[in-house]
>>> print(open('entry16.csv').read())   # CSV, C-alpha atoms
chain,number,residue,atom,x,y,z
A,128,MET,CA,0.0,0.0,0.0
A,129,ALA,CA,1.4,3.4,-1.0
A,130,LYS,CA,0.5,7.0,-0.4
A,131,ILE,CA,-0.4,8.4,-3.9
A,132,LEU,CA,-1.1,12.1,-4.7
A,133,VAL,CA,-3.3,12.7,-7.7
A,134,VAL,CA,-3.0,16.3,-9.1
A,135,ASP,CA,-5.7,17.2,-11.6
A,136,ASP,CA,-8.3,19.9,-12.1
A,137,ASP,CA,-10.8,17.5,-13.5
A,138,PRO,CA,-13.0,16.1,-10.6
A,139,ASP,CA,-14.0,13.2,-12.8
A,140,PHE,CA,-10.4,12.0,-13.3
A,141,ILE,CA,-9.8,12.4,-9.6
A,142,LYS,CA,-12.9,10.3,-8.7
A,143,ILE,CA,-12.0,7.6,-11.2
A,144,SER,CA,-8.4,7.3,-10.3
A,145,ARG,CA,-9.2,7.4,-6.6
A,146,THR,CA,-11.6,4.5,-7.1
A,147,ILE,CA,-9.1,2.5,-9.1
A,148,LEU,CA,-6.2,3.1,-6.7
A,149,GLN,CA,-8.2,2.5,-3.5
A,150,PHE,CA,-9.2,-0.9,-5.0
A,151,GLN,CA,-5.6,-1.9,-4.4
A,152,ASN,CA,-5.7,-0.3,-0.9
A,153,HIS,CA,-3.5,2.7,-1.8
A,154,GLN,CA,-4.0,5.8,0.2
A,155,VAL,CA,-5.1,8.6,-2.2
A,156,LEU,CA,-4.5,12.3,-1.7
A,157,THR,CA,-5.7,14.9,-4.2
A,158,ALA,CA,-5.0,18.4,-5.3
A,159,ALA,CA,-6.7,20.5,-8.0
A,160,ASN,CA,-3.6,22.4,-9.4
A,161,GLY,CA,0.1,22.5,-9.3
A,162,GLU,CA,0.4,25.0,-6.5
A,163,GLU,CA,-1.9,23.0,-4.3
A,164,GLY,CA,-0.1,19.8,-5.3
A,165,LEU,CA,3.3,21.1,-4.2
A,166,LYS,CA,1.8,22.1,-0.8
A,167,VAL,CA,0.4,18.6,-0.3
A,168,MET,CA,3.7,17.1,-1.4
A,169,ARG,CA,5.7,19.1,1.1
A,170,LYS,CA,3.3,18.3,3.9
A,171,GLU,CA,2.5,14.6,3.1
A,172,LYS,CA,5.6,13.3,1.3
A,173,PRO,CA,3.7,11.0,-1.0
A,174,ASP,CA,5.3,7.8,-2.5
A,175,LEU,CA,4.1,8.7,-6.0
A,176,VAL,CA,2.5,11.6,-7.8
A,177,ILE,CA,0.1,11.3,-10.7
A,178,LEU,CA,0.3,14.7,-12.3
A,179,ASP,CA,-1.9,16.2,-15.0
A,180,ILE,CA,-0.3,18.7,-17.4
A,181,MET,CA,-3.0,21.2,-18.3
A,182,MET,CA,-4.7,22.5,-15.2
A,183,SER,CA,-5.2,26.1,-14.1
A,184,TYR,CA,-3.0,27.0,-17.1
A,185,ILE,CA,-1.5,25.0,-20.0
A,186,LEU,CA,2.0,24.4,-18.5
A,187,ASP,CA,0.9,24.0,-14.9
A,188,GLY,CA,1.8,20.3,-14.7
A,189,LEU,CA,5.2,20.8,-16.4
A,190,ASP,CA,6.1,23.7,-14.1
A,191,THR,CA,5.1,21.7,-11.1
A,192,ARG,CA,7.3,18.8,-12.3
A,193,ARG,CA,10.2,21.3,-12.8
A,194,GLN,CA,9.7,22.7,-9.3
A,195,MET,CA,9.7,19.2,-7.9
A,196,ALA,CA,13.0,18.5,-9.6
A,197,ALA,CA,14.5,21.6,-8.1
A,198,ASP,CA,13.4,20.8,-4.6
A,199,PRO,CA,15.7,18.3,-2.8
A,200,ASP,CA,12.8,17.0,-0.7
A,201,LEU,CA,10.6,16.3,-3.7
A,202,LYS,CA,13.0,15.5,-6.6
A,203,ASP,CA,13.1,11.7,-5.9
A,204,ILE,CA,9.3,11.2,-5.8
A,205,PRO,CA,8.3,9.2,-8.9
A,206,VAL,CA,5.9,10.9,-11.2
A,207,ILE,CA,3.3,9.6,-13.6
A,208,MET,CA,2.4,12.4,-16.1
A,209,ALA,CA,-1.2,12.2,-17.2
A,210,THR,CA,-2.6,14.0,-20.2
A,211,SER,CA,-4.9,14.0,-23.1
A,212,LEU,CA,-2.7,16.5,-24.9
A,213,THR,CA,-0.4,14.2,-26.8
A,214,GLY,CA,-1.2,11.0,-28.6
A,215,GLU,CA,0.8,8.3,-30.3
A,216,ARG,CA,0.8,10.1,-33.6
A,217,VAL,CA,2.9,13.0,-32.4
A,218,ARG,CA,5.6,10.8,-30.9
A,219,SER,CA,9.2,11.6,-31.8
A,220,GLU,CA,8.0,14.1,-34.4
A,221,LEU,CA,9.9,17.0,-32.9
A,222,PRO,CA,13.4,17.0,-31.5
A,223,SER,CA,14.1,19.0,-28.4
A,224,ASP,CA,16.9,19.8,-26.0
A,225,GLU,CA,14.6,20.4,-23.1
A,226,TYR,CA,12.4,17.9,-21.4
A,227,VAL,CA,10.7,17.1,-18.1
A,228,PRO,CA,11.6,13.8,-16.5
A,229,ALA,CA,8.7,11.5,-15.8
A,230,SER,CA,8.7,7.9,-14.5
A,231,GLU,CA,5.7,6.9,-16.5
A,232,TRP,CA,3.1,8.4,-18.9
A,233,ILE,CA,-0.5,7.8,-19.0
A,234,HIS,CA,-3.0,9.0,-21.7
A,235,LYS,CA,-6.5,10.0,-20.9
A,236,PRO,CA,-9.0,8.4,-20.8
A,237,ILE,CA,-7.3,6.0,-18.5
A,238,ASP,CA,-7.4,2.2,-18.6
A,239,PRO,CA,-7.7,1.0,-15.0
A,240,ASP,CA,-5.5,-2.1,-15.5
A,241,LYS,CA,-2.8,0.0,-17.3
A,242,LEU,CA,-2.9,2.6,-14.5
A,243,LEU,CA,-2.4,0.0,-11.8
A,244,GLU,CA,0.4,-1.6,-13.8
A,245,GLN,CA,2.1,1.8,-14.2
A,246,VAL,CA,1.7,2.6,-10.6
A,247,LYS,CA,3.3,-0.7,-9.6
A,248,ARG,CA,6.2,0.0,-12.0
A,249,ALA,CA,6.7,3.5,-10.9
A,250,LEU,CA,6.7,2.5,-7.2
A,251,GLY,CA,9.4,0.0,-8.1
B,18,MET,CA,10.5,27.5,-21.9
B,19,ASN,CA,8.0,25.3,-23.8
B,20,GLY,CA,6.1,22.2,-23.0
B,21,GLN,CA,8.2,19.3,-23.9
B,22,ILE,CA,8.4,16.0,-22.2
B,23,GLN,CA,10.6,13.0,-22.8
B,24,GLU,CA,9.3,9.5,-22.4
B,25,ALA,CA,11.5,6.4,-23.0
B,26,GLY,CA,13.7,8.1,-25.5
B,27,HIS,CA,10.9,10.0,-27.2
B,28,VAL,CA,10.4,13.7,-27.1
B,29,PHE,CA,6.9,15.1,-26.8
B,30,GLN,CA,5.9,18.6,-27.7
B,31,ILE,CA,2.5,20.2,-27.1
B,32,ARG,CA,1.5,21.4,-30.5
B,33,TRP,CA,-2.3,21.6,-30.3
B,34,ILE,CA,-4.2,22.5,-27.2
B,35,PRO,CA,-7.8,21.6,-26.7
B,36,LYS,CA,-9.8,24.9,-26.3
B,37,TYR,CA,-13.4,24.0,-26.9
B,38,THR,CA,-15.2,20.7,-26.3
B,39,PHE,CA,-17.4,19.1,-29.0
B,40,ILE,CA,-20.5,20.2,-27.1
B,41,GLU,CA,-19.3,23.8,-26.9
B,42,ARG,CA,-18.6,23.9,-30.6
B,43,LEU,CA,-21.8,22.2,-31.6
B,44,LEU,CA,-23.8,24.7,-29.5
B,45,HIS,CA,-21.9,27.7,-30.8
B,46,TRP,CA,-22.7,26.7,-34.4
B,47,VAL,CA,-26.3,25.8,-33.5
B,48,ASN,CA,-26.6,29.2,-31.8
B,49,THR,CA,-25.2,30.9,-35.0
B,50,ALA,CA,-27.7,29.0,-37.2
B,51,ILE,CA,-30.5,30.1,-34.8
B,52,PHE,CA,-29.4,33.7,-34.5
B,53,ILE,CA,-29.4,34.4,-38.3
B,54,PRO,CA,-33.1,33.6,-38.9
B,55,LEU,CA,-34.0,35.4,-35.7
B,56,VAL,CA,-32.2,38.6,-37.0
B,57,VAL,CA,-33.8,38.3,-40.5
B,58,THR,CA,-37.3,37.8,-39.2
B,59,GLY,CA,-36.7,40.4,-36.5
B,60,LEU,CA,-35.5,43.0,-39.0
B,61,VAL,CA,-38.6,42.4,-41.2
B,62,LEU,CA,-40.8,43.0,-38.2
B,63,TYR,CA,-38.7,46.0,-37.0
B,64,LEU,CA,-37.7,48.0,-40.1
B,65,ASP,CA,-40.2,50.3,-41.8
B,66,ALA,CA,-38.6,49.6,-45.2
B,67,LEU,CA,-39.5,45.9,-44.8
B,68,LYS,CA,-43.0,46.5,-43.5
B,69,PRO,CA,-44.7,45.0,-46.6
B,70,LEU,CA,-43.1,41.7,-45.7
B,71,ALA,CA,-44.5,41.9,-42.2
B,72,GLN,CA,-48.2,42.2,-43.3
B,73,GLY,CA,-50.8,39.7,-44.2
B,74,GLU,CA,-50.0,36.0,-44.4
B,75,ALA,CA,-46.3,36.6,-44.9
B,76,GLY,CA,-46.3,38.6,-41.7
B,77,GLN,CA,-48.0,35.8,-39.8
B,78,TRP,CA,-45.3,33.4,-41.1
B,79,MET,CA,-42.5,35.8,-40.0
B,80,ARG,CA,-44.0,36.0,-36.5
B,81,LEU,CA,-44.4,32.2,-36.3
B,82,VAL,CA,-40.8,31.5,-37.5
B,83,HIS,CA,-39.4,34.2,-35.2
B,84,ARG,CA,-41.2,32.7,-32.2
B,85,LEU,CA,-40.4,29.1,-33.0
B,86,VAL,CA,-36.7,29.9,-33.5
B,87,ALA,CA,-36.8,32.0,-30.3
B,88,ILE,CA,-37.7,28.8,-28.4
B,89,LEU,CA,-34.5,27.2,-29.6
B,90,PHE,CA,-32.6,30.4,-28.8
B,91,ILE,CA,-33.8,30.2,-25.2
B,92,ALA,CA,-33.2,26.5,-25.0
B,93,VAL,CA,-29.5,26.3,-26.3
B,94,PRO,CA,-27.8,27.9,-23.3
B,95,VAL,CA,-30.1,26.0,-20.9
B,96,ILE,CA,-29.2,22.7,-22.6
B,97,TYR,CA,-25.5,23.6,-22.3
B,98,GLY,CA,-26.0,24.4,-18.6
B,99,ILE,CA,-27.6,21.0,-18.1
B,100,LEU,CA,-25.1,19.0,-20.1
B,101,GLN,CA,-21.9,20.8,-18.9
B,102,PRO,CA,-22.6,22.8,-15.8
B,103,ARG,CA,-19.0,22.8,-14.7
B,104,ARG,CA,-17.8,24.2,-18.0
B,105,LEU,CA,-20.5,26.8,-18.0
B,106,TRP,CA,-19.5,28.0,-14.5
B,107,MET,CA,-15.8,27.9,-15.6
B,108,HIS,CA,-16.6,30.2,-18.6
B,109,LEU,CA,-18.6,32.6,-16.5
B,110,LYS,CA,-15.6,32.9,-14.2
B,111,GLU,CA,-13.2,33.3,-17.2
B,112,PHE,CA,-15.3,36.2,-18.5
B,113,ALA,CA,-14.5,38.3,-15.4
B,114,PHE,CA,-12.5,41.4,-16.2
B,115,ASP,CA,-9.1,42.3,-14.6
B,116,ARG,CA,-6.4,44.9,-14.7
B,117,GLU,CA,-4.8,43.6,-18.0
B,118,ASP,CA,-8.1,44.2,-19.8
B,119,LEU,CA,-7.6,48.0,-19.4
B,120,GLY,CA,-4.2,47.7,-21.0
B,121,TRP,CA,-5.6,45.6,-23.7
B,122,LEU,CA,-8.3,48.1,-24.5
B,123,LYS,CA,-5.8,51.0,-24.6
B,124,ASN,CA,-3.7,49.1,-27.2
B,125,ALA,CA,-6.5,47.4,-29.1
B,126,PHE,CA,-6.6,49.9,-31.9
B,127,GLY,CA,-2.9,49.4,-32.8
B,128,TYR,CA,-3.3,45.6,-32.4
B,129,TYR,CA,-6.3,45.2,-34.7
B,130,VAL,CA,-5.3,47.9,-37.3
B,131,TRP,CA,-1.5,47.8,-37.4
B,132,GLY,CA,-0.9,44.3,-36.0
B,133,LYS,CA,1.1,45.7,-33.1
B,134,HIS,CA,1.0,42.7,-30.8
B,135,ASP,CA,3.9,43.4,-28.4
B,136,ALA,CA,2.2,46.1,-26.4
B,137,MET,CA,-0.8,43.9,-25.6
B,138,PRO,CA,-0.8,42.7,-21.9
B,139,PRO,CA,-1.0,38.9,-21.5
B,140,GLN,CA,-4.4,37.4,-21.9
B,141,GLY,CA,-6.2,34.3,-20.5
B,142,ARG,CA,-8.0,31.7,-22.5
B,143,PHE,CA,-10.3,34.5,-23.7
B,144,ASN,CA,-8.9,37.9,-24.6
B,145,THR,CA,-10.6,41.2,-23.6
B,146,GLY,CA,-12.5,41.4,-26.9
B,147,GLU,CA,-13.8,37.9,-26.6
B,148,LYS,CA,-14.8,38.6,-23.0
B,149,ILE,CA,-16.7,41.8,-24.1
B,150,ASN,CA,-18.4,39.8,-26.9
B,151,ALA,CA,-19.4,37.1,-24.4
B,152,VAL,CA,-20.7,39.5,-21.8
B,153,VAL,CA,-22.7,41.4,-24.4
B,154,MET,CA,-24.1,38.2,-25.7
B,155,ILE,CA,-25.1,36.9,-22.3
B,156,LEU,CA,-26.8,40.2,-21.4
B,157,SER,CA,-28.5,40.3,-24.8
B,158,TRP,CA,-29.8,36.7,-24.2
B,159,ILE,CA,-31.3,37.7,-20.8
B,160,LEU,CA,-32.9,40.9,-22.3
B,161,PHE,CA,-34.2,39.1,-25.4
B,162,VAL,CA,-35.7,36.3,-23.3
B,163,VAL,CA,-37.3,38.6,-20.7
B,164,SER,CA,-38.6,41.2,-23.1
B,165,GLY,CA,-39.6,38.6,-25.8
B,166,LEU,CA,-41.6,36.4,-23.3
B,167,ILE,CA,-43.4,39.5,-22.0
B,168,MET,CA,-44.2,40.6,-25.6
B,169,TRP,CA,-45.3,37.1,-26.5
B,170,TYR,CA,-47.4,36.2,-23.4
B,171,GLY,CA,-47.8,39.5,-21.5
B,172,LYS,CA,-50.4,41.3,-23.6
B,173,GLY,CA,-53.3,42.0,-21.3
B,174,ILE,CA,-51.5,40.7,-18.3
B,175,VAL,CA,-48.7,43.4,-17.9
B,176,SER,CA,-49.4,47.1,-18.0
B,177,ALA,CA,-49.4,48.8,-21.4
B,178,GLU,CA,-46.5,50.9,-20.4
B,179,LEU,CA,-44.4,47.9,-19.4
B,180,PHE,CA,-45.3,46.2,-22.6
B,181,ARG,CA,-44.2,49.3,-24.6
B,182,TRP,CA,-40.9,49.4,-22.6
B,183,MET,CA,-40.3,45.7,-23.5
B,184,VAL,CA,-40.7,46.5,-27.2
B,185,VAL,CA,-38.1,49.2,-26.9
B,186,VAL,CA,-35.7,46.9,-24.9
B,187,HIS,CA,-36.1,44.2,-27.4
B,188,ASP,CA,-35.4,46.5,-30.3
B,189,LEU,CA,-32.4,48.2,-28.7
B,190,THR,CA,-31.0,44.8,-27.7
B,191,MET,CA,-31.3,43.6,-31.3
B,192,ILE,CA,-29.3,46.7,-32.5
B,193,VAL,CA,-26.5,46.0,-30.0
B,194,ALA,CA,-26.5,42.2,-30.7
B,195,VAL,CA,-26.4,42.7,-34.5
B,196,CYS,CA,-23.6,45.2,-34.2
B,197,MET,CA,-21.6,42.8,-32.1
B,198,LEU,CA,-22.4,39.9,-34.5
B,199,ILE,CA,-21.0,42.0,-37.4
B,200,VAL,CA,-17.8,42.7,-35.5
B,201,HIS,CA,-17.5,39.1,-34.3
B,202,LEU,CA,-18.0,37.8,-37.9
B,203,PHE,CA,-15.5,40.2,-39.3
B,204,LEU,CA,-12.8,39.3,-36.8
B,205,ALA,CA,-13.5,35.6,-37.1
B,206,VAL,CA,-13.6,35.4,-40.8
B,207,ALA,CA,-11.6,38.3,-42.3
B,208,HIS,CA,-9.1,39.6,-39.8
B,209,PRO,CA,-5.6,38.2,-40.5
B,210,LEU,CA,-4.6,38.1,-36.8
B,211,MET,CA,-7.6,36.2,-35.7
B,212,TRP,CA,-7.3,33.1,-37.9
B,213,ALA,CA,-6.8,30.8,-34.9
B,214,ALA,CA,-10.1,31.7,-33.3
B,215,LEU,CA,-12.0,30.2,-36.3
B,216,VAL,CA,-9.7,27.2,-36.3
B,217,SER,CA,-10.4,26.5,-32.6
B,218,MET,CA,-14.2,26.9,-33.1
B,219,ARG,CA,-14.1,24.5,-36.0
B,220,PHE,CA,-11.7,21.9,-34.7
B,221,GLY,CA,-11.7,22.5,-31.0
B,222,VAL,CA,-7.9,23.1,-30.7
B,223,THR,CA,-5.5,26.0,-30.9
B,224,SER,CA,-1.8,25.8,-31.7
B,225,ALA,CA,0.6,26.0,-28.7
B,226,THR,CA,2.6,28.8,-30.5
B,227,TYR,CA,-0.6,30.9,-30.9
B,228,ALA,CA,-1.7,30.3,-27.4
B,229,ALA,CA,1.7,31.3,-26.0
B,230,GLU,CA,1.7,34.5,-28.0
B,231,HIS,CA,-1.9,35.6,-27.8
B,232,HIS,CA,-3.1,33.9,-24.6
B,233,ALA,CA,0.0,33.9,-22.5
B,234,LYS,CA,-1.7,33.9,-19.1
B,235,TRP,CA,-3.6,30.7,-20.1
B,236,TYR,CA,-0.4,29.1,-21.5
B,237,TYR,CA,2.3,30.1,-19.1
B,238,GLY,CA,0.2,31.0,-16.0
B,239,PRO,CA,-0.4,34.5,-14.8
B,240,LYS,CA,2.9,34.9,-12.9
B,241,ARG,CA,5.3,33.9,-15.7
B,242,ALA,CA,3.2,35.6,-18.4
B,243,MET,CA,3.5,38.9,-16.6
B,244,GLU,CA,7.3,38.3,-16.1
B,245,LEU,CA,7.7,37.7,-19.9
B,246,TYR,CA,5.5,40.7,-20.7
B,247,GLU,CA,7.5,43.0,-18.4
B,248,ALA,CA,10.8,41.7,-19.9
B,249,LYS,CA,9.5,42.3,-23.4
B,250,LYS,CA,8.5,45.8,-22.5
B,251,LYS,CA,11.9,46.5,-21.0
B,252,ASN,CA,13.7,45.2,-24.1
B,253,ALA,CA,11.4,47.3,-26.3
B,254,SER,CA,12.2,50.5,-24.3
B,255,HIS,CA,15.9,49.7,-24.4
B,256,SER,CA,16.0,49.2,-28.1
B,257,ALA,CA,13.9,52.4,-28.6
>>> encode(input="entry16.csv", output="structure tokens")
Amino acid sequence: MAKILVVDDDPDFIKISRTILQFQNHQVLTAANGEEGLKVMRKEKPDLVILDIMMSYILDGLDTRRQMAADPDLKDIPVIMATSLTGERVRSELPSDEYVPASEWIHKPIDPDKLLEQVKRALG
Amino acid sequence: MNGQIQEAGHVFQIRWIPKYTFIERLLHWVNTAIFIPLVVTGLVLYLDALKPLAQGEAGQWMRLVHRLVAILFIAVPVIYGILQPRRLWMHLKEFAFDREDLGWLKNAFGYYVWGKHDAMPPQGRFNTGEKINAVVMILSWILFVVSGLIMWYGKGIVSAELFRWMVVVHDLTMIVAVCMLIVHLFLAVAHPLMWAALVSMRFGVTSATYAAEHHAKWYYGPKRAMELYEAKKKNASHSA
């Protein structure tokens, strides 16, 4: 059983992922945007963060991940980035010298089995 | 800084950002399709020059079509509120004006006429012009519905004076709404800077580049958008 923080502004996604994760007895914390998510992370020290990209603004999730990486207390927490922004078809289309590290990726709408599998993998 | 993410050796870049849901776009176009016959039949009933069309059997048809389409006009926002109450509430909050809107208004002429974009303060998902359009349309809807229903059902129930006032309110609202529709149509279809607005209303997405430039507060968040704006202003004053 792990302590998992789900950061997303979509209450439906929060509700669905909470149900799926609680099915495997994980403790689920939630936050509605990056700023709130960082506060919860600093207070609760979750074992894993599931982080949406587009929340109160488009790059909210990416900025949050960058702030986590810059914070010694948070940088080692594994992160699953969740989004409906990118799909298979845009993979590797564009080269870049800048990226945000993520343990796992999940595309919305989520597949419960896939989410549980990715959570298991991210938790090591 | 842009929005790129690496996954298992692949690099992702956000290129298209969802701006409107399918329901929002559908209702926008349904509303457009409803508004045009309302305006046409309304003008026939309103303008003296078109009075011959508003008499006899043709006039009866005009009134019938106007009222039938008015039912749809009333229903569309209500249906949207039932289907997507959270989105509707989110929009209403997004239409609130803030300090940057004043700066936007001050620089709007140079922006629309000369394409001077750099002076424009950062905007959210809707820019000031879009917010004004939305607020005018919401108020118009309320005034049309209230005055229209009183004109339709209120004869003999409300006082003659109130009835006359409702006719005036209905007519004035029509003038304002039609003027706004003309501006909206021109900007959406003909203005070279506004191409992305039509794309997003057709396909539901807007490009990340366009969002970063024209809706920086929505893209970067308010804090970083203001930092970038101030830096841009500083650079511009240095180079001038």
>>> closest_residue(input="entry16.csv", among="A:Asp179, A:Asp187, A:Asp174, A:Asp135", to="chain B", atoms="only C-alpha atoms")
A:Asp187
>>> atom_distance(input="entry16.csv", atom1="CA of Asn144 in chain B", atom2="CA of His208 in chain B")
15.3 Å
>>> closest_residue(input="entry16.csv", among="B:Ala213, B:Ala229, B:Val93, B:Ala207", to="chain A", atoms="only C-alpha atoms")
B:Ala229
>>> closest_residue(input="entry16.csv", among="B:Leu64, B:Leu210, B:Ala205, B:Met107", to="chain A", atoms="all atoms listed in the file")
B:Met107
>>> residues_around(input="entry16.csv", residues="range 86-91 of chain B", least_positions_apart="6", cutoff="9 Å", atoms="all atoms listed in the file", output="PyMOL selection string")
chain B and resi 48+51-52+54-55+158+161-162+165
>>> closest_residue(input="entry16.csv", among="B:Met154, B:Ile174, B:Met79, B:Ala225", to="chain A", atoms="all atoms listed in the file")
B:Ala225
>>> atom_distance(input="entry16.csv", atom1="CA of Asn252 in chain B", atom2="CA of Asn124 in chain B")
18.1 Å
>>> closest_residue(input="entry16.csv", among="A:Ser183, A:Ala209, A:Asn152, A:Leu201", to="Trp235 in chain B", atoms="all atoms listed in the file")
A:Ser183
>>> closest_residue(input="entry16.csv", among="A:Met128, A:Gly161, A:Val246, A:Ser144", to="Tyr184 in chain A", atoms="only C-alpha atoms")
A:Gly161
>>> atom_distance(input="entry16.csv", atom1="CA of Met168 in chain B", atom2="CA of Leu44 in chain B")
26.2 Å
>>> residues_near_point(input="entry16.csv", point="(-0.6, 32.5, -19.0)", cutoff="10 Å", atoms="all atoms listed in the file", output="PDB file with C-alpha atoms, keeping the file's coordinate frame")
ATOM      1  CA  SER A 183      -5.200  26.100 -14.100  1.00  0.00           C
ATOM      2  CA  TYR A 184      -3.000  27.000 -17.100  1.00  0.00           C
ATOM      3  CA  ILE A 185      -1.500  25.000 -20.000  1.00  0.00           C
ATOM      4  CA  LEU A 186       2.000  24.400 -18.500  1.00  0.00           C
ATOM      5  CA  ASP A 187       0.900  24.000 -14.900  1.00  0.00           C
TER       6      ASP A 187
ATOM      7  CA  PRO B 139      -1.000  38.900 -21.500  1.00  0.00           C
ATOM      8  CA  GLN B 140      -4.400  37.400 -21.900  1.00  0.00           C
ATOM      9  CA  GLY B 141      -6.200  34.300 -20.500  1.00  0.00           C
ATOM     10  CA  ARG B 142      -8.000  31.700 -22.500  1.00  0.00           C
ATOM     11  CA  ALA B 228      -1.700  30.300 -27.400  1.00  0.00           C
ATOM     12  CA  ALA B 229       1.700  31.300 -26.000  1.00  0.00           C
ATOM     13  CA  GLU B 230       1.700  34.500 -28.000  1.00  0.00           C
ATOM     14  CA  HIS B 231      -1.900  35.600 -27.800  1.00  0.00           C
ATOM     15  CA  HIS B 232      -3.100  33.900 -24.600  1.00  0.00           C
ATOM     16  CA  ALA B 233       0.000  33.900 -22.500  1.00  0.00           C
ATOM     17  CA  LYS B 234      -1.700  33.900 -19.100  1.00  0.00           C
ATOM     18  CA  TRP B 235      -3.600  30.700 -20.100  1.00  0.00           C
ATOM     19  CA  TYR B 236      -0.400  29.100 -21.500  1.00  0.00           C
ATOM     20  CA  TYR B 237       2.300  30.100 -19.100  1.00  0.00           C
ATOM     21  CA  GLY B 238       0.200  31.000 -16.000  1.00  0.00           C
ATOM     22  CA  PRO B 239      -0.400  34.500 -14.800  1.00  0.00           C
ATOM     23  CA  LYS B 240       2.900  34.900 -12.900  1.00  0.00           C
ATOM     24  CA  ARG B 241       5.300  33.900 -15.700  1.00  0.00           C
ATOM     25  CA  ALA B 242       3.200  35.600 -18.400  1.00  0.00           C
ATOM     26  CA  MET B 243       3.500  38.900 -16.600  1.00  0.00           C
ATOM     27  CA  LEU B 245       7.700  37.700 -19.900  1.00  0.00           C
TER      28      LEU B 245
END
